[in-house]
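Encoded as structure tokens, the structure appears first; notes follow it.
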Amino acid sequence: MLKPLATATRELVNLDGLWLFGLDGTLGPEPWKSRLETRLEAAVPASYNDLFAEQKIRDHVGLAWYQRTVRVPRGWSDQRIVLRFDAATHAAAVYVDDTLVAEHVGGYTPFEADLTGLIAPGRNSASPSPSTTGSPTSPSRPGS
């Protein structure tokens, strides 16, 4: 899968930066349904195991949740909108505004979700959950 480039007819929004972050089991039963209940933020792209000093996070193997509010430009009305992730460790499920939009298995490989018709210009919430277990986990589970 080739990485898209901005052109005269393709506009890109980079989602690199700080995302809300939490380990599965510390955020409630369905963390993708609302704002993550956490004060932690993790830089994306990066491995969360390398970002935090807390041993519990550094040694964590399993699901982790990231969340970010995304502003979709007004000019994107009636346009195809794709959310692309350059990689996720082992497996991922991605929710946008409480809707599962993508599942991916294949560590460190890119994947994308076509959001056309699912989101509108304005604010939308993206909640990916990468797994470091090596296999997909339910609930299923971002990226840049």
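FYI, nothing fancy with the structure tokens labels: chains A, B, ... in order, residues from 1 per chain, ligands from 1 as they appear.
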
- Message: I want to know what sits within 9 Å of stretch 73-85 of chain A, based on only C-alpha atoms, with residues of the same chain fewer than 2 positions away left out; could you give that as a list in words?
- Response: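 In the requested form, the answer reads Lys3, Arg71, Ala87, Ala88, Thr109, Pro110, Phe111, Glu112, Ala113, Asp114, Leu115, Thr116, Gly117, Ile119, Ala120, Pro121, Gly122, Pro142, Gly143 and Ser144 of chain A.
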
- Could you give me, as a ChimeraX atom specification, each residue of chain A that DSSP assigns to helix (DSSP H, G or I) when run on this structure's backbone? /A:31-33,48-51,55-58,74-76

Can you spit out the residues from that selection as a PDB file, in the first residue's frame, using C-alpha atoms?
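Output below, filename again-v8.pdb:
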ATOM      1  CA  PRO A  31     -13.730   2.999  26.166  1.00  0.00           C
ATOM      2  CA  TRP A  32     -14.425   3.812  22.496  1.00  0.00           C
ATOM      3  CA  LYS A  33     -17.959   5.036  23.324  1.00  0.00           C
ATOM      4  CA  TYR A  48       3.948   3.716  24.287  1.00  0.00           C
ATOM      5  CA  ASN A  49       6.229   1.216  26.052  1.00  0.00           C
ATOM      6  CA  ASP A  50       9.092   3.667  25.452  1.00  0.00           C
ATOM      7  CA  LEU A  51       7.201   6.849  26.391  1.00  0.00           C
ATOM      8  CA  GLN A  55       6.741   0.079  34.897  1.00  0.00           C
ATOM      9  CA  LYS A  56       3.144  -1.138  34.445  1.00  0.00           C
ATOM     10  CA  ILE A  57       2.917   0.690  31.109  1.00  0.00           C
ATOM     11  CA  ARG A  58       6.460  -0.091  29.982  1.00  0.00           C
ATOM     12  CA  ARG A  74     -15.714  21.929   5.619  1.00  0.00           C
ATOM     13  CA  GLY A  75     -14.404  21.597   2.081  1.00  0.00           C
ATOM     14  CA  TRP A  76     -14.482  17.821   2.422  1.00  0.00           C
TER      15      TRP A  76
END

- Going by DSSP on the backbone, which bits of chain A are strand (DSSP E)? Write them as a ChimeraX atom specification, please. /A:17-23,41-44,64-72,82-85,91-96,99-105,111-114,122-131

- Item | Surrounding residues of A:Val96 excluding itself and chain neighbours under 2 positions, 9 Å, only C-alpha atoms, as a ChimeraX atom specification | /A:32,94,98-101,115,118-119,124-128

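Nearest residue to A:Val72, choosing from A:Glu11, A:Asp59, A:Glu103, A:Glu54 and counting only C-alpha atoms: A:Glu11.
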
- Can you tell me, as number ranges by chain, what residues are no more than 6 Å from stretch 23-29 of chain A when counting only C-alpha atoms, ignoring any on the same chain fewer than 5 positions away? A: 37, 63-64

Could you write out the selected residues, including C-alpha atoms, as a compact mmCIF listing (two decimals), in the first residue's frame?
# COMPACT_ATOMS: atom_id res chain seq x y z
CA GLU A 37 -11.13 8.70 31.18
CA LEU A 63 -4.70 -3.83 24.35
CA ALA A 64 -4.09 -0.13 24.71

- Which residue gives the smallest distance to A:Thr89 among A:Leu12, A:Ala102, A:Ala46, A:Val70, with only C-alpha atoms counted?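 Smallest distance to A:Thr89 is found for A:Ala46.
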
- Note on the structure: From the list A:Glu30, A:Asp16, A:Phe21, A:Val61, the nearest residue to A:Val44 using only C-alpha atoms is A:Asp16

- Work out how far apart atom CA of A:Thr7 and atom CA of A:Thr69 are and give it in Å to one decimal.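 The value is 24.8 Å.
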